[in-house]
Structures are given as structure tokens and as C-alpha cells.
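S.K.: Take this structure first; my questions come after.
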Amino acid sequence: MNTQETVSPHAAPAARRRDFRLFWLGGAANQLGSHASALALPLLVLALGASAVTAGAVGTVAAVTEVLLTPVFGVYADRGSRRAMMIGALAAAALAAGAIALAAGTRHATLPLLFGCTVLGGAATAAYAAAATASIRALLPPEEPERALGTLQAREQAAKLAGPGVGGALYQAAAWIPFLADALSFLIAAACARAIRADLRPARERVGDEASPADAGSTTASVSESASASVSASGSPSAPAPGSALAGFRREFADGLRFLFSRPFLRFVTLWAGGVNLIIGALYYAVILTARLHGASSGFLGLTLTLAGAAGVAGALLAPRLLGLIRAGTLVVVASWTMAVVLLPLSLTASAPLWADGLVLGALSLLTPALSIVFQSKAIMMTPDVLQGRVGTALGLLGEGTGALAPVAAGALVAGLRPAPQALLYAACLALLAVYATVNAGRLRREAPPQPEAQTTATEAKPPYLPSQPQLRAEG
């Protein structure tokens with residue numbers, strides 16, 4: 001047994017806070033380096049003489065690889081050591097980024113190399129995301145989970161804001177430096193993951209260890225047993241049946257989907273988040289396209305989007321206090337209707353100024369972190385530990401995958417409608433989602449997750465399936 005992975009997930013609060021700080025720091029380094037290199041990669045492709053289409057294709061390959069493989073790795077995250085999976089994925093990502101840095105520094109970079117490293121990096125990112133989504137349940141400090149969730153969201157939004165600027169400055173110094181910095185950031189994150197002491201294995205993998213350690217026996221065993229009972233009661237996985245490896249994989253993957261669709265609240269989150277991500281993403285791209293068509297400078301546009309992003313950071317930090325003042329069900333309904341209402345003023349003018357668009361994006365960015373925390377905490381609370389990877393990644397694919405359609409939808413609307421009718425259409429779509437949220441808000445109370453010991457290992461920070469305004473940010 002791995003001696004570094006024997007601490008019960010119900011460890012003392014001080015140990016949990018230590019592990020959470022390591023997770024936070026590793027993620028901060030990882031995300032800052034990734035956003036910096038994301039700006040530098042298309043610049044390097046263009047520097048090789050390739051077209052803008054090819055430069056965009058490199059980024060698309062990375063995104064598609066990550067989206068397709070994350071649910072696959074979700075199955076493996078529920079099979080064994082999630083900490084080891086995070087470390088291995090980060091090492092592979094460091095190798096990919098380091099190879100690009102070496103090739104760029106020695107002037108041997110080629111398009112096939114960049115595409116290959118991009119695929120490897122996308123796969124590594126998918127594996128890390130799946131393992132982290134499943135692991136974070138055991139890492140959040142039990143005494144203040146909402147505040148911890150807010151800091152995780154603020155960390156990601158801050159990295160999105162600062163990363164492109166850092167990447168541009170490093171690329172200006174030398175083309176290979178952003179990729180070396182990215183490789184080092186992955187190694188820092190891997191070192192932080194290795195230093196985490198909590199037992200991040202799925203509950204069923206810990207059953208065999210429960211009888212021997214005196215300090216971890218009864219508590220973890222009870223959690224494992226309750227998780228297994230919850231799984232079987234809801235049509236979730238049983239012990240693997242004989243058969244091929246592929247058949248076993250399909251069965252485990254289906255178990256996660258079956259649990260997801262057996263819970264009305266999780267179905268609600270999937271549909272609501274998918275709709276919001278599509279609408280807000282399309283609005284974000286429409287603002288960019290409309291502003292450029294009307295002659296707005298790139299500098300002013302960038303400043304507007306940066307301020308909207310800063311509102312997202314503030315929203316993530318303020319969300320825990322907001323959740324302490326307003327009940328979750330009420331917050332979901334009020335925020336859903338508010339998002340629809342803030343768009344109405346844009347529909348009353350033929351062409352709203354860019355600063356007005358920025359205010360709308362900022363308002364949306366301010367609102368969505370609190371909703372993310374509500375949905376994330378409840379979704380992870382009601383999902384057994386043995387299903388964390390599969391359910392989390394399935395929600396990511398189904399809930400946020402609609403964002404991939406946002407640029408196409410925005411382009412079609414900008415080409416076919418004037419700004420005011422566009423705003424009215426976006427507001428109407430958000431109003432429909434607000435009606436849907438109003439009808440289903442009671443499920444936040446009726447499907448309350450168990451409160452005993454599972455409460456201390458419950459919530460999740462920023463799985464990809466929730467609307468923490470990823471589309472409201474300029475990626476460089």
C-alpha cells in the first residue's frame with residue numbers, strides 16, 4: 001500500500017487545511033502556466049509561417065482532445081489512486097510543454113511536433129481534470145467549504161485574467177520561455193499533489209485497509225458502505241462482472257450516466273448549466289464581433305472584457321457571504337431572473353455602447369460564482385465517492401459542452417439580427433431558463449444530501465460542468 005496515501009479523508013481539520021492549501025497552490029501554478037502558454041502557442045505557429053487557420057486548428061485539437069477524453073479518464077479516476085493519476089498526468093503535461101520549449105529554443109519546432117505535443121497535453125489535462133474532480137471531495141476544509149469553493153473559483157478567474165498578459169510578455173522575451181514556464185508550473189503542481197497526505201483513493205479501494213489502521217477504521221468504512229448502498233439503490237455500479245476490458249469500461253461509464261440521470265436535481269443542473277453556458281458564451285462572442293464591426297479599438301475591447309473578468313473574481317470571493325444571507329433555492333431563482341433582466345436595457349437601444357455591454361457581462365460574471373457553489377456542493381454531496389470521477393466528468397461534457405456551439409450561434413445572430421433584437425432574444429432565452437429554475441428550485445431542498453460524516457468530505461470546486469463564466473473571459 002502507498003504509505004503516502006493512508007490518511008483518512010476524515011482527518012483533522014488542520015491536516016485538511018494543509019492539503020487544501022497544497023491543492024490550491026498547485027492549481028494556481030498549473031492554471032497560470034497553461035493560460036500563458038495558450039496565448040503563446042498560436043503565436044509560435046504563426047511564426048513558423050503557418051496560416052491563421054492552422055494556428056486556430058492547434059488550439060481546437062487541444063480542446064477537442066480534452067473534451068473527448070475527460071469522461072474516459074473519469075472511469076479510471078474511480079478505479080484507483082487519484083493522487084497518482086494527478087501526478088502522472090502533470091508529468092506528461094510537463095513533458096509536452098518542455099518538448100515545445102526545447103524545440104522552439106533550438107529552432108527545430110515543426111507543425112507535426114506542435115500538433116503531437118498539443119494532443120499529449122490535452123490528454124494529460126483531461127486525466128488531471130478527471131482525477132482532481134474526483135479527489136477534491138476529500139480536500140475541502142469541513143468548517144468553511146463555501147469559502148474554500150470561492151477561493152478556488154477566484155483562483156481560476158485570476159489565472160485567466162493574468163495568464164495571457166504573462167504569456168505575451170514572456171513570448172516577447174523569447175518564444176520558448178512561455179512553454180518552459182508552463183512545464184515548470186506542471187512540475188510545481190505535481191510536487192504539491194505528491195505532498196498531499198489525504199487518502200484520495202475511491203472509497204471501495206480503501207475497504208481492505210480499514211481493519212488495520214487504528215485511526216482510520218470505522219469512520220471511513222461507514223462512508224464506504226453508505227456510498228456503496230447509495231450506488232446500488234440508484235442503479236449505480238455493482239462489482240465488475242466477468243467480460244472483456246472494453247465491456248467493463250462501458251459498464252462503468254454507463255453506471256455514471258445512470259446515476260446522473262436517476263437524480264432529478266442532477267438532470268436539472270445539466271440542462272440549466274448547458275443552457276446558460278450556451279447563452280452567455282454566445283453573448284460574449286457577440287459583444288466582441290459587434291464591437292469590432294462598429295470600429296471599437298482592440299485596446300478598449302480588451303479593457304472592457306478584463307473589467308468583466310475582474311467582476312468574476314469579485315463574485316467568487318463574495319459568493320460565500322451571499323450564500324450565508326440567502327437560501328440556496330431562493331438564490332437560484334433570483335439570480336436566474338436577474339440575469340434575464342440585466343439584458344433588457346440592451347434591447348431598448350439600436351446600438352448599445354461597448355461600456356454598456358461590459359456592464360452586462362460584469363453583472364453576469366458577478367452572479368454566476370454563487371450559483372456554481374450551490375450546484376457544485378450539492379452535486380458532489382449527493383454523489384457517492386466511488387462515482388465522483390464519472391459523474392463529475394459526465395456533467396462537464398453535458399453541461400458545458402454546449403459552449404462549443406456559442407461562437408457559431410453568435411456569428412449567425414450577429415449576421416442576421418441587429419444588436420437590440422439580439423439582446424431581446426438572449427434575455428428571452430435566459431427568462432425561459434429562469435422559469436425552469438423557478439419550477440425546479442424546490443429540489444434544492446427536497447433532495448438534500450446526507451448530513452452526517454459525509455458532510456466533512458463533501459463539495460467540489462469548479463468541475464467543468466457549472467457556469468463559472470468561462471465564456472466571459474478573453475483567452476488572449
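Letters A, B, ... mark the chains of the C-alpha cells in the order given; residue numbers begin at 1 per chain; ligand numbers begin at 1, in order shown.
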Give me the residues within 9 Å of Val119 (chain A) as a VMD selection string, counting only C-alpha atoms and dropping any in the same chain fewer than 5 places off.

M.R.: chain A and resid 58 61 to 62 65 to 66 96 114 124

S.K.: For region 19-96 of chain A against region 397-403 of chain A, with a cut-off of 12 Å and counting only C-alpha atoms, what is the closest atom pair and its distance in Å to one decimal for every residue that makes the cut, ordered by chain and number, as CSV?

M.R.:
```
residue,atom,partner,partner_atom,distance
A:Ala63,CA,A:Gly401,CA,10.8
A:Val64,CA,A:Gly401,CA,10.3
A:Glu66,CA,A:Leu397,CA,10.1
A:Val67,CA,A:Leu397,CA,6.7
A:Leu68,CA,A:Leu397,CA,8.1
A:Leu69,CA,A:Leu397,CA,9.9
A:Thr70,CA,A:Leu397,CA,8.1
A:Pro71,CA,A:Leu397,CA,7.3
A:Val72,CA,A:Leu397,CA,10.8
A:Gly74,CA,A:Leu397,CA,11.1
```

S.K.: Kindly assemble as CSV a list of the region 284-303 of chain A residues that lie within 10 Å of region 355-376 of chain A, each paired with its nearest atom pair and their distance in Å to one decimal, using only C-alpha atoms, sorted first by chain and then by ascending residue number.

M.R.:
```
residue,atom,partner,partner_atom,distance
A:Tyr284,CA,A:Leu361,CA,7.5
A:Ala286,CA,A:Asp357,CA,9.9
A:Val287,CA,A:Asp357,CA,6.8
A:Ile288,CA,A:Asp357,CA,9.7
A:Ala291,CA,A:Asp357,CA,9.4
A:Phe300,CA,A:Trp355,CA,9.1
A:Leu301,CA,A:Gly358,CA,8.8
A:Leu303,CA,A:Gly358,CA,9.2
```

S.K.: For CA of Ala319 (chain A) and CA of Ser347 (chain A), determine how far apart the two atoms are, in Å to one decimal place.

M.R.: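 It comes out at 28.7 Å.
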
S.K.: Pick the closest to Ala28 (chain A) from A:Tyr285, A:Phe179, A:Tyr128, A:Phe186: which is it, counting only C-alpha atoms?

M.R.: A:Phe186

S.K.: Given only C-alpha atoms as the basis, pick out the residue of A:Val408, A:Ala181, A:Leu348, A:Ala247 nearest to Gly281 (chain A).

M.R.: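 Between A:Val408, A:Ala181, A:Leu348, A:Ala247, the residue approaching Gly281 (chain A) most closely is A:Val408.
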
S.K.: Could you tell me how far CA of Gly33 (chain A) lies from CA of Ala97 (chain A), in Å and to one decimal?

M.R.: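 Between CA of Gly33 (chain A) and CA of Ala97 (chain A) the gap works out to 9.9 Å.
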
S.K.: Neighbouring residues of Arg194 (chain A) were defined as those with any atom within 9 Å, considering only C-alpha atoms; residues of the same chain fewer than 5 positions away were excluded. Please report them as a ChimeraX atom specification.

M.R.: /A:4,83-84,86-87,189

S.K.: Residues near Leu180 (chain A), anyone? I mean within 8 Å using only C-alpha atoms, not counting same-chain ones fewer than 4 positions away, as a PDB file with C-alpha atoms, in the first residue's frame.

M.R.:
```pdb
ATOM      1  CA  ALA A  97       5.360  21.673 -22.727  1.00  0.00           C
ATOM      2  CA  GLY A  98       9.079  21.031 -22.232  1.00  0.00           C
ATOM      3  CA  ALA A 101      10.197  24.781 -25.258  1.00  0.00           C
ATOM      4  CA  TRP A 176      10.475  29.266 -25.858  1.00  0.00           C
ATOM      5  CA  LEU A 184       7.779  24.234 -14.579  1.00  0.00           C
TER       6      LEU A 184
END
```

S.K.: So that I can see what lies close to Val414 (chain A), please list as JSON, numbers by chain the residues with an atom at most 8 Å from it, counting only C-alpha atoms and leaving out residues fewer than 4 positions away in the same chain.

M.R.: {"A": [286, 289, 290, 410, 418, 419, 422]}

S.K.: Taking 3 positions as the minimum chain separation for residues in the same chain, which residues sit within 12 Å of Leu344 (chain A) when counting only C-alpha atoms? Answer as a list in words.

M.R.: Trp337, Thr338, Met339, Ala340, Val341, Ser347, Leu348, Thr349, Ala352, Ala356, Asp357, Val360, Pro419, Ala420, Pro421, Gln422, Ala423, Leu424, Leu425, Tyr426, Ala427, Ala428, Cys429, Leu430 and Ala431 of chain A

S.K.: Those selected residues, please, written with N, CA, C and O atoms and delivered as a compact mmCIF listing (two decimals), in the first residue's frame.

M.R.:
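Once written, result31.txt looks like this:
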```
# COMPACT_ATOMS: atom_id res chain seq x y z
N TRP A 337 -33.48 35.00 -12.72
CA TRP A 337 -34.30 36.10 -13.26
C TRP A 337 -33.48 37.37 -13.43
O TRP A 337 -33.69 38.13 -14.39
N THR A 338 -32.55 37.62 -12.52
CA THR A 338 -31.71 38.82 -12.64
C THR A 338 -30.88 38.79 -13.91
O THR A 338 -30.71 39.82 -14.59
N MET A 339 -30.35 37.62 -14.27
CA MET A 339 -29.56 37.52 -15.49
C MET A 339 -30.38 37.86 -16.72
O MET A 339 -29.87 38.45 -17.68
N ALA A 340 -31.66 37.50 -16.70
CA ALA A 340 -32.52 37.86 -17.83
C ALA A 340 -32.83 39.35 -17.84
O ALA A 340 -32.82 40.00 -18.90
N VAL A 341 -33.07 39.92 -16.66
CA VAL A 341 -33.47 41.33 -16.57
C VAL A 341 -32.34 42.26 -16.98
O VAL A 341 -32.58 43.29 -17.64
N SER A 347 -31.79 45.84 -25.19
CA SER A 347 -32.79 45.65 -26.25
C SER A 347 -33.58 46.92 -26.54
O SER A 347 -34.39 46.96 -27.46
N LEU A 348 -33.36 47.97 -25.74
CA LEU A 348 -34.13 49.20 -25.89
C LEU A 348 -33.41 50.26 -26.70
O LEU A 348 -33.95 51.35 -26.92
N THR A 349 -32.20 49.96 -27.13
CA THR A 349 -31.44 50.92 -27.93
C THR A 349 -30.93 50.24 -29.19
O THR A 349 -30.65 49.04 -29.20
N ALA A 352 -26.12 49.64 -28.41
CA ALA A 352 -25.62 49.99 -27.08
C ALA A 352 -24.12 50.23 -27.13
O ALA A 352 -23.39 49.57 -27.88
N ALA A 356 -21.68 49.63 -21.99
CA ALA A 356 -22.92 49.02 -21.50
C ALA A 356 -22.85 47.50 -21.63
O ALA A 356 -23.30 46.76 -20.74
N ASP A 357 -22.30 47.03 -22.75
CA ASP A 357 -22.10 45.58 -22.89
C ASP A 357 -21.18 45.06 -21.79
O ASP A 357 -21.40 43.97 -21.23
N VAL A 360 -23.05 44.60 -18.56
CA VAL A 360 -23.88 43.39 -18.57
C VAL A 360 -23.01 42.16 -18.33
O VAL A 360 -23.35 41.29 -17.50
N PRO A 419 -28.26 44.58 -33.03
CA PRO A 419 -27.94 44.35 -31.61
C PRO A 419 -29.15 44.30 -30.68
O PRO A 419 -29.21 43.46 -29.79
N ALA A 420 -30.14 45.18 -30.89
CA ALA A 420 -31.29 45.20 -29.98
C ALA A 420 -32.10 43.91 -30.03
O ALA A 420 -32.39 43.32 -28.98
N PRO A 421 -32.48 43.41 -31.21
CA PRO A 421 -33.17 42.12 -31.23
C PRO A 421 -32.34 40.96 -30.69
O PRO A 421 -32.89 40.03 -30.09
N GLN A 422 -31.03 41.04 -30.90
CA GLN A 422 -30.17 40.01 -30.31
C GLN A 422 -30.30 39.99 -28.79
O GLN A 422 -30.48 38.94 -28.17
N ALA A 423 -30.20 41.19 -28.19
CA ALA A 423 -30.30 41.28 -26.73
C ALA A 423 -31.64 40.76 -26.24
O ALA A 423 -31.72 40.08 -25.21
N LEU A 424 -32.71 41.09 -26.98
CA LEU A 424 -34.03 40.62 -26.58
C LEU A 424 -34.12 39.10 -26.65
O LEU A 424 -34.72 38.45 -25.78
N LEU A 425 -33.50 38.51 -27.68
CA LEU A 425 -33.51 37.06 -27.81
C LEU A 425 -32.73 36.40 -26.67
O LEU A 425 -33.19 35.41 -26.08
N TYR A 426 -31.56 36.95 -26.34
CA TYR A 426 -30.77 36.40 -25.23
C TYR A 426 -31.56 36.50 -23.93
O TYR A 426 -31.58 35.57 -23.12
N ALA A 427 -32.22 37.66 -23.72
CA ALA A 427 -33.00 37.84 -22.50
C ALA A 427 -34.16 36.85 -22.43
O ALA A 427 -34.47 36.30 -21.36
N ALA A 428 -34.80 36.61 -23.57
CA ALA A 428 -35.93 35.67 -23.60
C ALA A 428 -35.46 34.26 -23.28
O ALA A 428 -36.12 33.52 -22.53
N CYS A 429 -34.31 33.87 -23.81
CA CYS A 429 -33.78 32.53 -23.53
C CYS A 429 -33.42 32.39 -22.06
O CYS A 429 -33.71 31.35 -21.42
N LEU A 430 -32.81 33.42 -21.48
CA LEU A 430 -32.49 33.37 -20.05
C LEU A 430 -33.76 33.37 -19.20
O LEU A 430 -33.80 32.74 -18.14
N ALA A 431 -34.80 34.04 -19.68
CA ALA A 431 -36.07 34.03 -18.95
C ALA A 431 -36.68 32.63 -18.94
O ALA A 431 -37.24 32.19 -17.93
```

S.K.: So which residues of region 24-244 of chain A fall under alpha helix (DSSP H) by DSSP, listed as a PyMOL selection string?

M.R.: chain A and resi 24-47+52-77+82-105+111-135+145-173+177-195+203-206+217-233

S.K.: Determine, counting only C-alpha atoms, which protein, DNA and RNA residues have an atom within 10 Å of an atom of Thr151 (chain A); residues of the same chain fewer than 5 positions away are not included. Present the result as a list in words.

M.R.: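 After dropping sequence-adjacent residues, the list is Trp24, Pro145, Glu146, Glu156, Gln157, Val313, Ala316, Leu317, Leu318, Ala319, Pro320 and Ala461 of chain A.
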
S.K.: With C-alpha atoms kept, could you save the residues just selected as a PDB file, in the first residue's frame?

M.R.:
```pdb
ATOM      1  CA  TRP A  24      -4.833  25.461  -4.273  1.00  0.00           C
ATOM      2  CA  PRO A 145     -16.412  24.710   2.366  1.00  0.00           C
ATOM      3  CA  GLU A 146     -18.221  27.630   0.685  1.00  0.00           C
ATOM      4  CA  GLU A 156      -9.138  30.194 -11.785  1.00  0.00           C
ATOM      5  CA  GLN A 157     -10.615  33.505 -12.879  1.00  0.00           C
ATOM      6  CA  VAL A 313     -13.114  37.260  -9.365  1.00  0.00           C
ATOM      7  CA  ALA A 316     -16.230  34.281  -6.460  1.00  0.00           C
ATOM      8  CA  LEU A 317     -14.856  35.921  -3.316  1.00  0.00           C
ATOM      9  CA  LEU A 318     -18.210  37.410  -2.290  1.00  0.00           C
ATOM     10  CA  ALA A 319     -20.277  34.303  -3.049  1.00  0.00           C
ATOM     11  CA  PRO A 320     -19.789  32.595   0.359  1.00  0.00           C
ATOM     12  CA  ALA A 461     -14.511  23.011  -6.600  1.00  0.00           C
TER      13      ALA A 461
END
```

S.K.: Mind pulling up the distance from CA of Thr393 (chain A) to CA of Leu113 (chain A)?

M.R.: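 Between these atoms lies a distance of 28.7 Å.
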
S.K.: Here is a test: counting only C-alpha atoms, which residue of A:Ala308, A:Ala123, A:Ala77, A:Ala175 is nearest to Thr106 (chain A)?

M.R.: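 Closest candidate: A:Ala175.
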
S.K.: Name the closest residue to Thr330 (chain A) among the candidates A:Gln31, A:Asn440, A:Thr304, A:Thr125; distances are taken between atoms, counting only C-alpha atoms.

M.R.: A:Asn440
